[in-house]
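**Student:** Sharing model-v4.json, JSON, C-alpha atoms:
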```json
[["chain", "number", "residue", "atom", "x", "y", "z"],
["L", 63, "MET", "CA", -68.31, -9.09, 2.98],
["L", 64, "ASN", "CA", -65.55, -11.42, 1.83],
["L", 65, "ARG", "CA", -64.03, -8.60, -0.15],
["L", 66, "ARG", "CA", -63.71, -6.49, 2.97],
["L", 67, "LYS", "CA", -62.10, -9.38, 4.88],
["L", 68, "ASN", "CA", -59.62, -9.96, 2.06],
["L", 69, "ARG", "CA", -58.55, -6.32, 1.85],
["L", 70, "PRO", "CA", -56.26, -6.41, 4.94],
["L", 71, "ARG", "CA", -54.67, -9.60, 3.65],
["L", 72, "PHE", "CA", -54.19, -7.99, 0.23],
["L", 73, "PHE", "CA", -52.56, -4.89, 1.73],
["L", 74, "ASN", "CA", -50.39, -7.06, 3.95],
["L", 75, "LEU", "CA", -49.13, -8.91, 0.91],
["L", 76, "ILE", "CA", -48.34, -5.60, -0.80],
["L", 77, "TRP", "CA", -46.49, -4.39, 2.31],
["L", 78, "ILE", "CA", -44.47, -7.62, 2.55],
["L", 79, "ALA", "CA", -43.62, -7.50, -1.16],
["L", 80, "SER", "CA", -42.56, -3.85, -0.87],
["L", 81, "LEU", "CA", -40.41, -4.62, 2.16],
["L", 82, "ALA", "CA", -38.77, -7.57, 0.39],
["L", 83, "PHE", "CA", -38.07, -5.38, -2.65],
["L", 84, "ALA", "CA", -36.54, -2.67, -0.45],
["L", 85, "VAL", "CA", -34.33, -5.22, 1.31],
["L", 86, "LEU", "CA", -33.22, -6.63, -2.04],
["L", 87, "CYS", "CA", -32.37, -3.15, -3.33],
["L", 88, "LEU", "CA", -30.41, -2.38, -0.16],
["L", 89, "PHE", "CA", -28.51, -5.67, -0.39],
["L", 90, "THR", "CA", -27.69, -5.00, -4.04],
["L", 91, "ALA", "CA", -26.49, -1.48, -3.25],
["L", 92, "VAL", "CA", -24.32, -2.67, -0.34],
["L", 93, "THR", "CA", -22.84, -5.46, -2.48],
["L", 94, "ALA", "CA", -22.09, -3.05, -5.32],
["L", 95, "PHE", "CA", -20.51, -0.59, -2.88],
["L", 96, "ALA", "CA", -18.30, -3.33, -1.41],
["L", 97, "GLU", "CA", -17.26, -4.48, -4.87],
["L", 98, "ASP", "CA", -16.47, -0.88, -5.85],
["L", 99, "LYS", "CA", -14.23, -0.42, -2.80],
["L", 100, "SER", "CA", -12.49, -3.71, -3.54],
["L", 101, "GLN", "CA", -11.88, -2.58, -7.12],
["L", 102, "ASN", "CA", -10.41, 0.69, -5.84],
["L", 103, "GLU", "CA", -7.93, -1.14, -3.64],
["L", 104, "ASN", "CA", -6.99, -3.54, -6.41],
["L", 105, "GLN", "CA", -6.39, -0.53, -8.65],
["L", 106, "ARG", "CA", -4.10, 0.88, -5.97],
["L", 107, "VAL", "CA", -2.14, -2.39, -5.96],
["L", 108, "THR", "CA", -1.78, -2.23, -9.75],
["L", 109, "GLU", "CA", -0.60, 1.39, -9.72],
["L", 110, "SER", "CA", 1.86, 0.67, -6.93],
["L", 111, "GLY", "CA", 3.35, -2.19, -8.94],
["L", 112, "GLN", "CA", 3.74, 0.07, -11.97],
["L", 113, "ALA", "CA", 5.50, 2.74, -9.90],
["L", 114, "LEU", "CA", 7.87, 0.18, -8.41],
["L", 115, "ASP", "CA", 8.63, -1.27, -11.84],
["L", 116, "ALA", "CA", 9.69, 2.16, -13.11],
["L", 117, "LEU", "CA", 11.95, 2.82, -10.13],
["L", 118, "VAL", "CA", 13.75, -0.52, -10.02],
["L", 119, "ASN", "CA", 14.18, -0.97, -13.76],
["L", 120, "SER", "CA", 15.70, 2.42, -14.53],
["L", 121, "GLU", "CA", 19.46, 2.97, -14.70],
["L", 122, "ASN", "CA", 18.88, 6.08, -12.57],
["L", 123, "GLY", "CA", 16.47, 4.43, -10.15],
["L", 124, "ILE", "CA", 16.84, 2.47, -6.94],
["L", 125, "PRO", "CA", 20.27, 0.80, -6.46],
["L", 126, "THR", "CA", 20.01, -2.98, -6.65],
["L", 127, "ASP", "CA", 22.44, -3.24, -3.73],
["L", 128, "LEU", "CA", 20.01, -1.37, -1.48],
["L", 129, "LEU", "CA", 16.96, -3.31, -2.65],
["L", 130, "ASN", "CA", 18.82, -6.51, -1.78],
["L", 131, "LYS", "CA", 19.35, -5.22, 1.76],
["L", 132, "SER", "CA", 15.76, -4.12, 2.30],
["L", 133, "GLU", "CA", 13.32, -5.83, 4.64],
["L", 134, "CYS", "CA", 10.27, -4.08, 3.16],
["L", 135, "VAL", "CA", 9.32, -1.82, 0.26],
["L", 136, "ILE", "CA", 6.65, 0.87, 0.66],
["L", 137, "ILE", "CA", 5.10, 2.37, -2.49],
["L", 138, "LEU", "CA", 2.93, 5.50, -2.58],
["L", 139, "PRO", "CA", 1.74, 6.13, -6.13],
["L", 140, "SER", "CA", 0.56, 9.68, -6.76],
["L", 141, "VAL", "CA", -3.05, 10.67, -6.28],
["L", 142, "LYS", "CA", -4.50, 13.47, -8.40],
["L", 143, "LYS", "CA", -7.53, 15.57, -7.62],
["L", 144, "GLY", "CA", -8.55, 18.85, -9.16],
["L", 145, "GLY", "CA", -5.15, 19.47, -10.70],
["L", 146, "PHE", "CA", -3.37, 18.99, -7.40],
["L", 147, "ILE", "CA", -1.45, 16.03, -6.02],
["L", 148, "ILE", "CA", -2.48, 15.12, -2.50],
["L", 149, "ALA", "CA", -0.07, 12.22, -2.05],
["L", 150, "GLY", "CA", 1.75, 14.03, 0.74],
["L", 151, "GLN", "CA", -1.35, 15.36, 2.46],
["L", 152, "TYR", "CA", -3.25, 12.10, 2.32],
["L", 153, "GLY", "CA", -1.49, 9.45, 0.30],
["L", 154, "LYS", "CA", -2.41, 5.83, -0.18],
["L", 155, "GLY", "CA", -0.21, 2.95, -1.21],
["L", 156, "LEU", "CA", 1.07, -0.37, 0.07],
["L", 157, "MET", "CA", 3.94, -2.19, 1.71],
["L", 158, "THR", "CA", 5.33, -5.64, 1.05],
["L", 159, "CYS", "CA", 7.93, -7.25, 3.31],
["L", 160, "ARG", "CA", 10.09, -10.33, 3.15],
["L", 161, "THR", "CA", 8.35, -13.04, 5.15],
["L", 162, "GLY", "CA", 9.83, -15.02, 8.03],
["L", 163, "GLN", "CA", 10.77, -13.89, 11.53],
["L", 164, "LYS", "CA", 14.17, -12.76, 10.22],
["L", 165, "PHE", "CA", 12.71, -11.15, 7.08],
["L", 166, "ASP", "CA", 14.59, -13.61, 4.91],
["L", 167, "GLY", "CA", 11.72, -15.31, 3.03],
["L", 168, "PRO", "CA", 9.68, -14.53, -0.11],
["L", 169, "TRP", "CA", 7.92, -11.17, -0.42],
["L", 170, "SER", "CA", 4.57, -10.94, 1.35],
["L", 171, "ALA", "CA", 1.09, -10.08, 0.15],
["L", 172, "PRO", "CA", 0.57, -6.30, 0.10],
["L", 173, "ILE", "CA", -0.24, -4.45, 3.31],
["L", 174, "MET", "CA", -2.28, -1.38, 2.38],
["L", 175, "MET", "CA", -0.77, 1.85, 3.74],
["L", 176, "GLN", "CA", -1.66, 5.51, 4.10],
["L", 177, "SER", "CA", 0.40, 8.64, 4.72],
["L", 178, "SER", "CA", -0.41, 12.16, 5.83],
["L", 179, "GLY", "CA", 1.32, 15.51, 6.26],
["L", 180, "GLY", "CA", 5.05, 15.84, 6.14],
["L", 181, "SER", "CA", 7.40, 17.22, 3.54],
["L", 182, "ILE", "CA", 5.86, 15.53, 0.49],
["L", 183, "GLY", "CA", 3.79, 18.69, 0.40],
["L", 184, "PHE", "CA", 0.87, 19.90, -1.61],
["L", 185, "GLN", "CA", 2.08, 20.17, -5.19],
["L", 186, "ALA", "CA", 0.29, 22.18, -7.86],
["L", 187, "GLY", "CA", 0.19, 21.66, -11.59],
["L", 188, "GLY", "CA", -0.98, 18.06, -11.74],
["L", 189, "GLU", "CA", 2.55, 16.64, -11.81],
["L", 190, "ALA", "CA", 2.52, 12.89, -11.19],
["L", 191, "VAL", "CA", 4.87, 11.91, -8.35],
["L", 192, "ASP", "CA", 5.49, 8.39, -7.09],
["L", 193, "TYR", "CA", 7.29, 7.62, -3.84],
["L", 194, "VAL", "CA", 9.11, 4.45, -2.83],
["L", 195, "ILE", "CA", 10.57, 3.84, 0.63],
["L", 196, "LEU", "CA", 13.06, 1.08, 1.39],
["L", 197, "VAL", "CA", 12.91, -0.26, 4.95],
["L", 198, "LEU", "CA", 16.41, -1.41, 5.83],
["L", 199, "ASN", "CA", 16.19, -3.21, 9.15],
["L", 200, "ASP", "CA", 13.88, -5.32, 11.33],
["L", 201, "LYS", "CA", 13.11, -2.50, 13.77],
["L", 202, "GLY", "CA", 11.93, -0.14, 11.04],
["L", 203, "ALA", "CA", 9.84, -2.89, 9.43],
["L", 204, "ARG", "CA", 8.05, -3.85, 12.65],
["L", 205, "THR", "CA", 7.54, -0.24, 13.69],
["L", 206, "VAL", "CA", 5.67, 0.77, 10.55],
["L", 207, "MET", "CA", 3.82, -2.56, 10.28],
["L", 208, "ASN", "CA", 2.29, -2.32, 13.74],
["L", 209, "GLY", "CA", 0.96, 1.23, 13.72],
["L", 210, "LYS", "CA", 1.18, 4.81, 12.59],
["L", 211, "VAL", "CA", 4.68, 6.29, 12.84],
["L", 212, "LYS", "CA", 6.15, 9.70, 12.18],
["L", 213, "LEU", "CA", 9.12, 9.38, 9.86],
["L", 214, "GLY", "CA", 12.20, 11.07, 11.21],
["L", 215, "ALA", "CA", 10.93, 10.79, 14.80],
["L", 216, "ASP", "CA", 9.69, 7.23, 15.37],
["L", 217, "ALA", "CA", 11.81, 5.85, 12.53],
["L", 218, "SER", "CA", 14.87, 7.44, 10.92],
["L", 219, "ILE", "CA", 14.68, 8.20, 7.20],
["L", 220, "ALA", "CA", 16.94, 9.80, 4.60],
["L", 221, "ALA", "CA", 16.96, 10.56, 0.88],
["L", 222, "GLY", "CA", 18.30, 7.51, -0.94],
["L", 223, "PRO", "CA", 21.16, 7.48, -3.46],
["L", 224, "VAL", "CA", 20.04, 6.88, -7.06],
["L", 225, "GLY", "CA", 21.40, 4.69, -9.85],
["L", 226, "ARG", "CA", 21.21, 0.92, -9.95],
["L", 227, "THR", "CA", 24.96, 0.58, -9.30],
["L", 228, "ALA", "CA", 25.24, 3.42, -6.77],
["L", 229, "GLU", "CA", 26.86, 2.54, -3.47],
["L", 230, "ALA", "CA", 24.90, 3.09, -0.30],
["L", 231, "SER", "CA", 25.89, 6.19, 1.63],
["L", 232, "THR", "CA", 24.95, 4.46, 4.87],
["L", 233, "SER", "CA", 27.09, 1.94, 6.71],
["L", 234, "GLY", "CA", 26.89, -1.80, 6.26],
["L", 235, "ASN", "CA", 24.72, -1.97, 9.39],
["L", 236, "MET", "CA", 22.20, 0.43, 7.79],
["L", 237, "SER", "CA", 21.93, 2.79, 10.77],
["L", 238, "THR", "CA", 19.31, 4.72, 8.79],
["L", 239, "GLU", "CA", 16.12, 2.69, 9.01],
["L", 240, "MET", "CA", 14.57, 3.90, 5.75],
["L", 241, "LEU", "CA", 15.60, 5.46, 2.45],
["L", 242, "SER", "CA", 13.09, 7.29, 0.26],
["L", 243, "TYR", "CA", 12.85, 7.96, -3.48],
["L", 244, "SER", "CA", 10.61, 9.93, -5.82],
["L", 245, "ARG", "CA", 9.79, 9.82, -9.51],
["L", 246, "ALA", "CA", 8.22, 12.74, -11.40],
["L", 247, "ASN", "CA", 8.01, 13.11, -15.17],
["L", 248, "GLY", "CA", 10.50, 10.28, -15.58],
["L", 249, "VAL", "CA", 13.07, 11.96, -13.30],
["L", 250, "PHE", "CA", 14.27, 9.93, -10.34],
["L", 251, "GLY", "CA", 15.74, 11.23, -7.12],
["L", 252, "GLY", "CA", 16.20, 10.69, -3.45],
["L", 253, "VAL", "CA", 13.78, 12.74, -1.36],
["L", 254, "SER", "CA", 13.47, 13.28, 2.37],
["L", 255, "LEU", "CA", 10.05, 12.39, 3.77],
["L", 256, "SER", "CA", 10.90, 13.39, 7.32],
["L", 257, "GLY", "CA", 7.79, 14.51, 9.18],
["L", 258, "THR", "CA", 5.42, 12.32, 7.17],
["L", 259, "SER", "CA", 3.10, 10.06, 9.16],
["L", 260, "LEU", "CA", 2.78, 6.55, 7.78],
["L", 261, "GLY", "CA", 0.93, 3.41, 8.86],
["L", 262, "PRO", "CA", -1.37, 0.54, 7.82],
["L", 263, "ASP", "CA", -4.69, 1.41, 6.19],
["L", 264, "ASN", "CA", -6.91, -1.05, 8.07],
["L", 265, "GLY", "CA", -10.08, -0.17, 6.17],
["L", 266, "ALA", "CA", -8.38, -0.72, 2.83],
["L", 267, "ASN", "CA", -6.94, -4.04, 4.02],
["L", 268, "ALA", "CA", -10.47, -5.18, 4.94],
["L", 269, "ASP", "CA", -11.79, -4.07, 1.53],
["L", 270, "LEU", "CA", -8.97, -5.80, -0.35],
["L", 271, "TYR", "CA", -9.05, -9.10, 1.54],
["L", 272, "GLY", "CA", -12.75, -9.24, 2.38],
["L", 273, "LYS", "CA", -12.25, -9.33, 6.15],
["L", 274, "LYS", "CA", -10.52, -7.48, 8.96],
["L", 275, "VAL", "CA", -6.85, -8.35, 8.96],
["L", 276, "THR", "CA", -3.82, -6.66, 10.53],
["L", 277, "GLY", "CA", -0.58, -5.82, 8.80],
["L", 278, "GLU", "CA", 1.25, -8.43, 10.81],
["L", 279, "GLU", "CA", -1.31, -11.10, 9.88],
["L", 280, "ILE", "CA", -0.90, -10.26, 6.19],
["L", 281, "TRP", "CA", 2.89, -10.45, 6.56],
["L", 282, "ALA", "CA", 2.53, -13.80, 8.35],
["L", 283, "GLY", "CA", 0.62, -15.27, 5.39],
["L", 284, "LYS", "CA", -2.89, -15.36, 6.92],
["L", 285, "VAL", "CA", -4.31, -14.20, 3.57],
["L", 286, "HIS", "CA", -3.39, -14.79, -0.05],
["L", 287, "ALA", "CA", -2.10, -11.98, -2.24],
["L", 288, "PRO", "CA", -4.67, -10.66, -4.73],
["L", 289, "ALA", "CA", -4.18, -11.39, -8.42],
["L", 290, "THR", "CA", -3.38, -7.72, -9.02],
["L", 291, "ALA", "CA", -0.21, -8.11, -6.91],
["L", 292, "LYS", "CA", 1.16, -10.96, -9.03],
["L", 293, "ASP", "CA", 3.33, -8.84, -11.34],
["L", 294, "MET", "CA", 4.69, -6.68, -8.51],
["L", 295, "LEU", "CA", 5.67, -9.68, -6.38],
["L", 296, "ALA", "CA", 7.17, -11.46, -9.39],
["L", 297, "LEU", "CA", 9.25, -8.34, -10.10],
["L", 298, "LEU", "CA", 10.59, -8.26, -6.54],
["L", 299, "GLU", "CA", 11.34, -11.98, -6.53],
["L", 300, "ALA", "CA", 13.22, -11.60, -9.83],
["L", 301, "LYS", "CA", 15.15, -8.47, -8.82],
["L", 302, "SER", "CA", 15.80, -9.34, -5.18],
["L", 303, "PRO", "CA", 15.02, -12.97, -4.29],
["L", 304, "LYS", "CA", 17.22, -12.98, -1.17],
["L", 305, "ASN", "CA", 17.89, -10.63, 1.70],
["L", 306, "LEU", "CA", 21.61, -9.88, 1.49],
["L", 307, "SER", "CA", 21.81, -7.88, 4.70],
["L", 308, "SER", "CA", 24.45, -8.97, 7.19],
["L", 309, "GLY", "CA", 23.39, -12.18, 8.93],
["L", 310, "LYS", "CA", 20.42, -12.86, 6.56],
["L", 311, "GLN", "CA", 22.12, -14.88, 3.81]]
```
Would you write the structure of this file as structure tokens?
**Tutor:**
Amino acid sequence: MNRRKNRPRFFNLIWIASLAFAVLCLFTAVTAFAEDKSQNENQRVTESGQALDALVNSENGIPTDLLNKSECVIILPSVKKGGFIIAGQYGKGLMTCRTGQKFDGPWSAPIMMQSSGGSIGFQAGGEAVDYVILVLNDKGARTVMNGKVKLGADASIAAGPVGRTAEASTSGNMSTEMLSYSRANGVFGGVSLSGTSLGPDNGANADLYGKKVTGEEIWAGKVHAPATAKDMLALLEAKSPKNLSSGKQ
């Protein structure tokens, strides 16, 4: 008789143990998934820093004069899949801007970005292409920071001149809001990205920083830069510690 009375209790214990095990497995899986996404975004930060390093340290790369007059730098390292580059169709990268209301402070923690469509195109052959965009004035910086924009329509953009000592083809007031560059197989060049849509990647920002955070909040210093951004930010501080645009010195 006691055995029969104990059976429901025994099965209840088994059910509770099974439920606890299932919850533990689910928690472990969710935690692992979150860590994996965080690792992916940190890898994107690392690759972006490497692409920027190549473009600013080459004699045929980005002119130092233009970097010194930039409010923000956007980097879209190439993405390969199945022998094709999809950077233009659905690219991922980051943006860092000079802090301060006048964009005259140290470079900010990275704001994760994504691009789609446009003239970057769908390139065959597995060729690795990196893109860097210099944002040259406050309007262009705030426009792309606050939402998705179409380059060439919402913000003006042009192919940038190459060579570290090259003179800017734009006026001292930088009427063009952005200049864009590419690097493929060690060859640098200015490239027009007109028609490309570009904006903050809010999901990636949440994965990288562990909470929902806007591009403007990142720029304002609400979060700390990840360790993977250390080399990239150190490079920018070394190469262009001050904004030398008119009225910013």
**Student:** Could you check the closest approach to Arg204 of chain L for each of L:Glu109, L:Asp192, L:Glu278, L:Asp166 and tell me which residue wins, using all atoms listed in the file?
**Tutor:** L:Glu278
**Student:** Counting only C-alpha atoms, which of L:Thr205, L:Thr238, L:Asn247, L:Ser256 gets nearest to Ser132 of chain L?
**Tutor:**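 Of L:Thr205, L:Thr238, L:Asn247, L:Ser256, the one nearest Ser132 of chain L is L:Thr238, counting only C-alpha atoms.
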**Student:** Neighbouring residues of Val194 of chain L were defined as those with any atom within 6 Å, considering all atoms listed in the file; residues of the same chain fewer than 5 positions away were excluded. Please report them as a list in words.
**Tutor:**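 Skipping anything fewer than 5 positions along the chain leaves Ile136, Ile137, Ser242 and Tyr243 of chain L.
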**Student:** One number please: atom CA of Gly123 of chain L to atom CA of Asp216 of chain L, in Å, one decimal.
**Tutor:**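 Result for atom CA of Gly123 of chain L versus atom CA of Asp216 of chain L: 26.6 Å, one decimal.
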**Student:** Measuring between all atoms listed in the file, which one of L:Met294, L:Val211, L:Leu196, L:Ile173 shows the shortest distance to Gly252 of chain L?
**Tutor:** L:Leu196
**Student:** Counting all atoms listed in the file, which of L:Pro288, L:Leu128, L:Lys273, L:Leu156 gets nearest to Ser307 of chain L?
**Tutor:**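 Smallest separation from Ser307 of chain L among the options: L:Leu128.
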**Student:** Kindly give the distance, in Å, that separates atom CA of Asn264 of chain L and atom CA of Ala215 of chain L, rounded to a single decimal.
**Tutor:**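 Computed distance, atom CA of Asn264 of chain L to atom CA of Ala215 of chain L, equals 22.4 Å.
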